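Asks: Data: coords_15.pdb, PDB, N, CA and C atoms.
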```pdb
ATOM      1  N   MET A   1       0.825  -1.197   0.000
ATOM      2  CA  MET A   1       0.000   0.000   0.000
ATOM      3  C   MET A   1       0.868   1.258   0.000
ATOM      4  N   MET A   2       1.907   1.236   0.795
ATOM      5  CA  MET A   2       2.771   2.395   0.908
ATOM      6  C   MET A   2       3.548   2.637  -0.389
ATOM      7  N   VAL A   3       3.927   1.548  -1.067
ATOM      8  CA  VAL A   3       4.662   1.670  -2.326
ATOM      9  C   VAL A   3       3.753   2.266  -3.404
ATOM     10  N   ILE A   4       2.495   1.843  -3.444
ATOM     11  CA  ILE A   4       1.549   2.361  -4.428
ATOM     12  C   ILE A   4       1.315   3.857  -4.200
ATOM     13  N   LYS A   5       1.170   4.223  -2.931
ATOM     14  CA  LYS A   5       0.954   5.638  -2.610
ATOM     15  C   LYS A   5       2.170   6.470  -3.014
ATOM     16  N   PHE A   6       3.365   5.926  -2.775
ATOM     17  CA  PHE A   6       4.581   6.639  -3.152
ATOM     18  C   PHE A   6       4.677   6.794  -4.672
ATOM     19  N   LEU A   7       4.305   5.738  -5.406
ATOM     20  CA  LEU A   7       4.349   5.804  -6.861
ATOM     21  C   LEU A   7       3.326   6.796  -7.417
ATOM     22  N   LEU A   8       2.227   6.985  -6.722
ATOM     23  CA  LEU A   8       1.238   7.972  -7.148
ATOM     24  C   LEU A   8       1.657   9.404  -6.803
ATOM     25  N   LYS A   9       2.487   9.549  -5.782
ATOM     26  CA  LYS A   9       2.935  10.888  -5.383
ATOM     27  C   LYS A   9       3.945  11.472  -6.371
ATOM     28  N   ILE A  10       4.688  10.606  -7.042
ATOM     29  CA  ILE A  10       5.724  11.090  -7.968
ATOM     30  C   ILE A  10       5.116  11.897  -9.117
ATOM     31  N   PRO A  11       4.105  11.406  -9.843
ATOM     32  CA  PRO A  11       3.540  12.253 -10.910
ATOM     33  C   PRO A  11       2.631  13.366 -10.377
ATOM     34  N   ALA A  12       2.250  13.285  -9.117
ATOM     35  CA  ALA A  12       1.374  14.315  -8.557
ATOM     36  C   ALA A  12       2.113  15.640  -8.355
ATOM     37  N   ILE A  13       3.418  15.584  -8.165
ATOM     38  CA  ILE A  13       4.194  16.808  -7.918
ATOM     39  C   ILE A  13       4.187  17.735  -9.143
ATOM     40  N   PRO A  14       4.519  17.251 -10.350
ATOM     41  CA  PRO A  14       4.459  18.175 -11.500
ATOM     42  C   PRO A  14       3.040  18.656 -11.810
ATOM     43  N   VAL A  15       2.047  17.799 -11.577
ATOM     44  CA  VAL A  15       0.664  18.206 -11.812
ATOM     45  C   VAL A  15       0.273  19.310 -10.834
ATOM     46  N   MET A  16       0.704  19.196  -9.586
ATOM     47  CA  MET A  16       0.408  20.226  -8.591
ATOM     48  C   MET A  16       1.078  21.545  -8.982
ATOM     49  N   ILE A  17       2.316  21.475  -9.425
ATOM     50  CA  ILE A  17       3.021  22.687  -9.849
ATOM     51  C   ILE A  17       2.322  23.308 -11.062
ATOM     52  N   LEU A  18       1.880  22.481 -11.991
ATOM     53  CA  LEU A  18       1.155  22.975 -13.158
ATOM     54  C   LEU A  18      -0.163  23.629 -12.759
ATOM     55  N   CYS A  19      -0.860  23.037 -11.783
ATOM     56  CA  CYS A  19      -2.123  23.628 -11.301
ATOM     57  C   CYS A  19      -1.881  24.992 -10.670
ATOM     58  N   LYS A  20      -0.849  25.106  -9.862
ATOM     59  CA  LYS A  20      -0.542  26.390  -9.230
ATOM     60  C   LYS A  20      -0.170  27.441 -10.275
ATOM     61  N   LEU A  21       0.592  27.027 -11.288
ATOM     62  CA  LEU A  21       0.981  27.952 -12.354
ATOM     63  C   LEU A  21      -0.236  28.392 -13.164
ATOM     64  N   LEU A  22      -1.108  27.444 -13.506
ATOM     65  CA  LEU A  22      -2.327  27.780 -14.244
ATOM     66  C   LEU A  22      -3.218  28.716 -13.445
ATOM     67  N   ARG A  23      -3.337  28.471 -12.146
ATOM     68  CA  ARG A  23      -4.169  29.348 -11.316
ATOM     69  C   ARG A  23      -3.607  30.761 -11.307
ATOM     70  N   PHE A  24      -2.292  30.872 -11.190
ATOM     71  CA  PHE A  24      -1.668  32.194 -11.201
ATOM     72  C   PHE A  24      -1.917  32.912 -12.524
ATOM     73  N   LEU A  25      -1.744  32.195 -13.637
ATOM     74  CA  LEU A  25      -1.942  32.810 -14.952
ATOM     75  C   LEU A  25      -3.400  33.201 -15.175
ATOM     76  N   ILE A  26      -4.332  32.354 -14.747
ATOM     77  CA  ILE A  26      -5.753  32.673 -14.909
ATOM     78  C   ILE A  26      -6.134  33.857 -14.026
ATOM     79  N   ASP A  27      -5.594  33.919 -12.815
ATOM     80  CA  ASP A  27      -5.856  35.071 -11.941
ATOM     81  C   ASP A  27      -5.348  36.367 -12.560
ATOM     82  N   MET A  28      -4.143  36.323 -13.132
ATOM     83  CA  MET A  28      -3.607  37.523 -13.773
ATOM     84  C   MET A  28      -4.444  37.912 -14.985
ATOM     85  N   ALA A  29      -4.852  36.936 -15.779
ATOM     86  CA  ALA A  29      -5.682  37.226 -16.948
ATOM     87  C   ALA A  29      -7.042  37.782 -16.525
ATOM     88  N   ALA A  30      -7.598  37.261 -15.431
ATOM     89  CA  ALA A  30      -8.892  37.757 -14.944
ATOM     90  C   ALA A  30      -8.767  39.200 -14.454
ATOM     91  N   LYS A  31      -7.665  39.523 -13.790
ATOM     92  CA  LYS A  31      -7.477  40.893 -13.319
ATOM     93  C   LYS A  31      -7.311  41.870 -14.478
ATOM     94  N   VAL A  32      -6.570  41.458 -15.503
ATOM     95  CA  VAL A  32      -6.404  42.316 -16.675
ATOM     96  C   VAL A  32      -7.732  42.481 -17.405
ATOM     97  N   SER A  33      -8.490  41.378 -17.526
ATOM     98  CA  SER A  33      -9.774  41.479 -18.216
ATOM     99  C   SER A  33     -10.770  42.307 -17.421
ATOM    100  N   CYS A  34     -10.639  42.325 -16.103
ATOM    101  CA  CYS A  34     -11.499  43.210 -15.304
ATOM    102  C   CYS A  34     -11.194  44.676 -15.608
ATOM    103  N   LEU A  35      -9.927  44.976 -15.830
ATOM    104  CA  LEU A  35      -9.571  46.348 -16.185
ATOM    105  C   LEU A  35     -10.130  46.743 -17.545
ATOM    106  N   VAL A  36     -10.264  45.781 -18.433
ATOM    107  CA  VAL A  36     -10.795  46.059 -19.766
ATOM    108  C   VAL A  36     -12.324  45.997 -19.763
ATOM    109  N   LEU A  37     -12.878  44.929 -19.182
ATOM    110  CA  LEU A  37     -14.323  44.727 -19.228
ATOM    111  C   LEU A  37     -15.092  45.623 -18.267
ATOM    112  N   GLY A  38     -14.447  46.142 -17.243
ATOM    113  CA  GLY A  38     -15.131  47.019 -16.299
ATOM    114  C   GLY A  38     -15.673  48.282 -16.948
ATOM    115  N   PRO A  39     -14.818  49.082 -17.577
ATOM    116  CA  PRO A  39     -15.342  50.280 -18.254
ATOM    117  C   PRO A  39     -16.301  49.958 -19.395
ATOM    118  N   ILE A  40     -16.041  48.860 -20.100
ATOM    119  CA  ILE A  40     -16.956  48.472 -21.181
ATOM    120  C   ILE A  40     -18.330  48.129 -20.605
ATOM    121  N   SER A  41     -18.359  47.430 -19.480
ATOM    122  CA  SER A  41     -19.633  47.067 -18.845
ATOM    123  C   SER A  41     -20.395  48.307 -18.377
ATOM    124  N   ILE A  42     -19.678  49.268 -17.837
ATOM    125  CA  ILE A  42     -20.339  50.498 -17.405
ATOM    126  C   ILE A  42     -20.908  51.253 -18.606
ATOM    127  N   PHE A  43     -20.157  51.305 -19.700
ATOM    128  CA  PHE A  43     -20.651  51.956 -20.916
ATOM    129  C   PHE A  43     -21.883  51.235 -21.467
ATOM    130  N   ILE A  44     -21.846  49.911 -21.499
ATOM    131  CA  ILE A  44     -22.987  49.136 -21.993
ATOM    132  C   ILE A  44     -24.198  49.348 -21.094
ATOM    133  N   LEU A  45     -23.980  49.403 -19.795
ATOM    134  CA  LEU A  45     -25.086  49.649 -18.866
ATOM    135  C   LEU A  45     -25.694  51.036 -19.104
ATOM    136  N   GLY A  46     -24.857  52.042 -19.336
ATOM    137  CA  GLY A  46     -25.368  53.371 -19.643
ATOM    138  C   GLY A  46     -26.159  53.393 -20.935
ATOM    139  N   CYS A  47     -25.660  52.680 -21.950
ATOM    140  CA  CYS A  47     -26.394  52.595 -23.215
ATOM    141  C   CYS A  47     -27.724  51.867 -23.027
ATOM    142  N   ALA A  48     -27.742  50.843 -22.186
ATOM    143  CA  ALA A  48     -28.985  50.104 -21.926
ATOM    144  C   ALA A  48     -30.007  50.999 -21.232
ATOM    145  N   ILE A  49     -29.559  51.810 -20.293
ATOM    146  CA  ILE A  49     -30.470  52.739 -19.622
ATOM    147  C   ILE A  49     -31.024  53.746 -20.628
ATOM    148  N   TYR A  50     -30.170  54.217 -21.520
ATOM    149  CA  TYR A  50     -30.628  55.149 -22.550
ATOM    150  C   TYR A  50     -31.672  54.500 -23.462
ATOM    151  N   THR A  51     -31.433  53.249 -23.859
ATOM    152  CA  THR A  51     -32.395  52.585 -24.739
ATOM    153  C   THR A  51     -33.698  52.273 -24.014
ATOM    154  N   ILE A  52     -33.645  52.078 -22.705
ATOM    155  CA  ILE A  52     -34.885  51.884 -21.938
ATOM    156  C   ILE A  52     -35.690  53.175 -21.928
ATOM    157  N   VAL A  53     -35.003  54.294 -21.718
ATOM    158  CA  VAL A  53     -35.695  55.591 -21.708
ATOM    159  C   VAL A  53     -36.306  55.884 -23.077
ATOM    160  N   LYS A  54     -35.612  55.524 -24.155
ATOM    161  CA  LYS A  54     -36.096  55.769 -25.512
ATOM    162  C   LYS A  54     -37.049  54.673 -26.008
ATOM    163  N   HIS A  55     -37.302  53.660 -25.210
ATOM    164  CA  HIS A  55     -38.194  52.546 -25.538
ATOM    165  C   HIS A  55     -37.745  51.780 -26.779
ATOM    166  N   ALA A  56     -36.440  51.614 -26.925
ATOM    167  CA  ALA A  56     -35.883  50.818 -28.020
ATOM    168  C   ALA A  56     -35.581  49.425 -27.456
ATOM    169  N   TRP A  57     -36.591  48.582 -27.432
ATOM    170  CA  TRP A  57     -36.495  47.331 -26.694
ATOM    171  C   TRP A  57     -35.588  46.313 -27.370
ATOM    172  N   SER A  58     -35.505  46.315 -28.676
ATOM    173  CA  SER A  58     -34.621  45.344 -29.335
ATOM    174  C   SER A  58     -33.152  45.657 -29.017
ATOM    175  N   GLN A  59     -32.788  46.945 -29.007
ATOM    176  CA  GLN A  59     -31.420  47.309 -28.632
ATOM    177  C   GLN A  59     -31.161  47.034 -27.156
ATOM    178  N   THR A  60     -32.189  47.228 -26.324
ATOM    179  CA  THR A  60     -32.034  46.944 -24.898
ATOM    180  C   THR A  60     -31.750  45.464 -24.685
ATOM    181  N   PHE A  61     -32.470  44.620 -25.425
ATOM    182  CA  PHE A  61     -32.241  43.178 -25.310
ATOM    183  C   PHE A  61     -30.822  42.820 -25.728
ATOM    184  N   LEU A  62     -30.343  43.375 -26.822
ATOM    185  CA  LEU A  62     -28.988  43.085 -27.280
ATOM    186  C   LEU A  62     -27.929  43.574 -26.290
ATOM    187  N   LEU A  63     -28.139  44.758 -25.749
ATOM    188  CA  LEU A  63     -27.184  45.280 -24.760
ATOM    189  C   LEU A  63     -27.187  44.437 -23.485
ATOM    190  N   ALA A  64     -28.367  43.982 -23.074
ATOM    191  CA  ALA A  64     -28.439  43.112 -21.895
ATOM    192  C   ALA A  64     -27.740  41.786 -22.166
ATOM    193  N   LEU A  65     -27.864  41.286 -23.373
ATOM    194  CA  LEU A  65     -27.186  40.049 -23.750
ATOM    195  C   LEU A  65     -25.666  40.227 -23.736
ATOM    196  N   ILE A  66     -25.192  41.338 -24.271
ATOM    197  CA  ILE A  66     -23.756  41.621 -24.259
ATOM    198  C   ILE A  66     -23.251  41.774 -22.827
ATOM    199  N   GLU A  67     -24.010  42.462 -21.994
ATOM    200  CA  GLU A  67     -23.633  42.622 -20.581
ATOM    201  C   GLU A  67     -23.583  41.271 -19.876
ATOM    202  N   GLY A  68     -24.542  40.412 -20.181
ATOM    203  CA  GLY A  68     -24.555  39.072 -19.592
ATOM    204  C   GLY A  68     -23.345  38.249 -20.000
ATOM    205  N   VAL A  69     -22.911  38.387 -21.246
ATOM    206  CA  VAL A  69     -21.718  37.671 -21.708
ATOM    207  C   VAL A  69     -20.476  38.178 -20.978
ATOM    208  N   CYS A  70     -20.378  39.481 -20.765
ATOM    209  CA  CYS A  70     -19.233  40.044 -20.029
ATOM    210  C   CYS A  70     -19.190  39.521 -18.597
ATOM    211  N   VAL A  71     -20.335  39.516 -17.938
ATOM    212  CA  VAL A  71     -20.399  39.028 -16.554
ATOM    213  C   VAL A  71     -20.097  37.534 -16.508
ATOM    214  N   ALA A  72     -20.638  36.777 -17.465
ATOM    215  CA  ALA A  72     -20.393  35.331 -17.495
ATOM    216  C   ALA A  72     -18.915  35.021 -17.739
ATOM    217  N   ALA A  73     -18.246  35.823 -18.558
ATOM    218  CA  ALA A  73     -16.820  35.606 -18.806
ATOM    219  C   ALA A  73     -16.006  35.806 -17.538
ATOM    220  N   LEU A  74     -16.294  36.869 -16.797
ATOM    221  CA  LEU A  74     -15.561  37.116 -15.553
ATOM    222  C   LEU A  74     -15.901  36.068 -14.489
ATOM    223  N   PHE A  75     -17.160  35.680 -14.417
ATOM    224  CA  PHE A  75     -17.558  34.654 -13.459
ATOM    225  C   PHE A  75     -16.911  33.318 -13.800
ATOM    226  N   GLY A  76     -16.874  32.990 -15.086
ATOM    227  CA  GLY A  76     -16.255  31.735 -15.511
ATOM    228  C   GLY A  76     -14.773  31.684 -15.202
ATOM    229  N   ALA A  77     -14.080  32.795 -15.387
ATOM    230  CA  ALA A  77     -12.652  32.836 -15.070
ATOM    231  C   ALA A  77     -12.425  32.628 -13.576
ATOM    232  N   GLY A  78     -13.267  33.247 -12.757
ATOM    233  CA  GLY A  78     -13.143  33.047 -11.312
ATOM    234  C   GLY A  78     -13.450  31.626 -10.892
ATOM    235  N   LEU A  79     -14.458  31.026 -11.509
ATOM    236  CA  LEU A  79     -14.831  29.650 -11.184
ATOM    237  C   LEU A  79     -13.736  28.670 -11.581
ATOM    238  N   ILE A  80     -13.180  28.840 -12.769
ATOM    239  CA  ILE A  80     -12.106  27.951 -13.222
ATOM    240  C   ILE A  80     -10.874  28.112 -12.338
ATOM    241  N   SER A  81     -10.550  29.340 -11.977
ATOM    242  CA  SER A  81      -9.399  29.586 -11.106
ATOM    243  C   SER A  81      -9.583  28.921  -9.749
ATOM    244  N   THR A  82     -10.784  29.013  -9.201
ATOM    245  CA  THR A  82     -11.054  28.399  -7.902
ATOM    246  C   THR A  82     -10.957  26.888  -7.970
ATOM    247  N   GLU A  83     -11.523  26.298  -9.012
ATOM    248  CA  GLU A  83     -11.493  24.838  -9.136
ATOM    249  C   GLU A  83     -10.073  24.313  -9.347
ATOM    250  N   ILE A  84      -9.276  25.004 -10.155
ATOM    251  CA  ILE A  84      -7.890  24.581 -10.354
ATOM    252  C   ILE A  84      -7.104  24.738  -9.054
ATOM    253  N   GLY A  85      -7.386  25.808  -8.295
ATOM    254  CA  GLY A  85      -6.726  25.994  -7.005
ATOM    255  C   GLY A  85      -7.096  24.897  -6.020
ATOM    256  N   CYS A  86      -8.361  24.482  -6.020
ATOM    257  CA  CYS A  86      -8.784  23.388  -5.131
ATOM    258  C   CYS A  86      -8.092  22.081  -5.506
ATOM    259  N   LEU A  87      -7.957  21.830  -6.808
ATOM    260  CA  LEU A  87      -7.254  20.627  -7.260
ATOM    261  C   LEU A  87      -5.792  20.666  -6.824
ATOM    262  N   GLY A  88      -5.146  21.822  -6.969
ATOM    263  CA  GLY A  88      -3.759  21.953  -6.532
ATOM    264  C   GLY A  88      -3.610  21.776  -5.027
ATOM    265  N   ASP A  89      -4.548  22.314  -4.251
ATOM    266  CA  ASP A  89      -4.506  22.138  -2.805
ATOM    267  C   ASP A  89      -4.715  20.678  -2.421
ATOM    268  N   TRP A  90      -5.650  20.002  -3.123
ATOM    269  CA  TRP A  90      -5.898  18.590  -2.831
ATOM    270  C   TRP A  90      -4.660  17.758  -3.143
ATOM    271  N   LEU A  91      -3.990  18.054  -4.262
ATOM    272  CA  LEU A  91      -2.770  17.319  -4.597
ATOM    273  C   LEU A  91      -1.656  17.606  -3.583
ATOM    274  N   GLY A  92      -1.583  18.852  -3.092
ATOM    275  CA  GLY A  92      -0.603  19.168  -2.060
ATOM    276  C   GLY A  92      -0.855  18.400  -0.774
ATOM    277  N   ASP A  93      -2.112  18.284  -0.388
ATOM    278  CA  ASP A  93      -2.457  17.497   0.795
ATOM    279  C   ASP A  93      -2.131  16.017   0.580
ATOM    280  N   PHE A  94      -2.395  15.520  -0.630
ATOM    281  CA  PHE A  94      -2.084  14.123  -0.931
ATOM    282  C   PHE A  94      -0.584  13.864  -0.877
ATOM    283  N   ILE A  95       0.211  14.795  -1.373
ATOM    284  CA  ILE A  95       1.664  14.615  -1.365
ATOM    285  C   ILE A  95       2.209  14.652   0.053
ATOM    286  N   ARG A  96       1.651  15.520   0.888
ATOM    287  CA  ARG A  96       2.133  15.633   2.265
ATOM    288  C   ARG A  96       1.646  14.491   3.163
ATOM    289  N   SER A  97       0.653  13.723   2.729
ATOM    290  CA  SER A  97       0.144  12.652   3.592
ATOM    291  C   SER A  97       1.043  11.446   3.597
TER
END
```
Please go through the file and, once you have read it, give me the structure as structure tokens.
Replies:
Amino acid sequence: MMVIKFLLKIPAIPVMILCKLLRFLIDMAAKVSCLVLGPISIFILGCAIYTIVKHAWSQTFLLALIEGVCVAALFGAGLISTEIGCLGDWLGDFIRS
């Protein structure tokens, strides 16, 4: 049992390092995209408010759809980063056991 566990720990080390590196890169990409998507989201929200006031409902729907895609992209990046971080933490716990 101990030999099998040791043999499984050997490939777990590079995978753990890769997970930590991927999490770092995704976090940096998410922060940069927040700097880009933040002002764009505020502009889209302002345009959506304007189209609501002007009763242009088809444009309002399109702007809401674009805003939803921006929010989903940022949420997805955070979710993927968290899951990869959890995998890296689990592998670290497995290696230390």
Asks: To one decimal place in Å, what is the distance between atom CA of Leu21 of chain A and atom CA of Val69 of chain A?
Replies: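 So the two atoms, atom CA of Leu21 of chain A and atom CA of Val69 of chain A, lie 26.4 Å apart.
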Asks: Any idea what the distance is between atom CA of Leu62 of chain A and atom CA of Val32 of chain A?
Replies: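 Rounded to one decimal, the two atoms are 25.0 Å apart.
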Asks: Just how far from atom CA of Ala64 of chain A is atom C of Glu83 of chain A, in Å to one decimal?
Replies: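 So the answer is 29.1 Å.
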Asks: Suppose a student applies the PyMOL selection byres ((chain A and resi 16) around 8) to this structure; what residues should they get, written as a ChimeraX atom specification?
Replies: /A:11-15,17-22,87-92
Asks: On this structure, which residues satisfy the PyMOL selection byres (((chain A and resi 67 and name CA) around 12) and name CA), written as a list in words?
Replies: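 Here the PyMOL selection byres (((chain A and resi 67 and name CA) around 12) and name CA) matches Leu37, Gly38, Pro39, Ile40, Ser41, Ile42, Phe43, Ile44, Leu45, Gly46, Cys47, Ala48, Thr60, Phe61, Leu62, Leu63, Ala64, Leu65, Ile66, Gly68, Val69, Cys70, Val71, Ala72, Ala73 and Leu74 of chain A.
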Asks: Within 10 Å of Ala77 of chain A, counting only C-alpha atoms, which residues qualify if same-chain residues fewer than 2 places away don't, as JSON, numbers by chain?
Replies: {"A": [23, 26, 27, 29, 30, 31, 33, 72, 73, 74, 75, 79, 80, 81, 82]}
Asks: I'd like to know which of A:Leu8, A:Met2, A:Val53, A:Ile84 is closest to Leu25 of chain A, using only C-alpha atoms.
Replies: A:Ile84
Asks: Counting only N, CA and C atoms, which of A:Val3, A:Val36, A:Gln59, A:Lys9 gets nearest to Arg96 of chain A?
Replies: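 Result for the nearest residue to Arg96 of chain A: A:Lys9.
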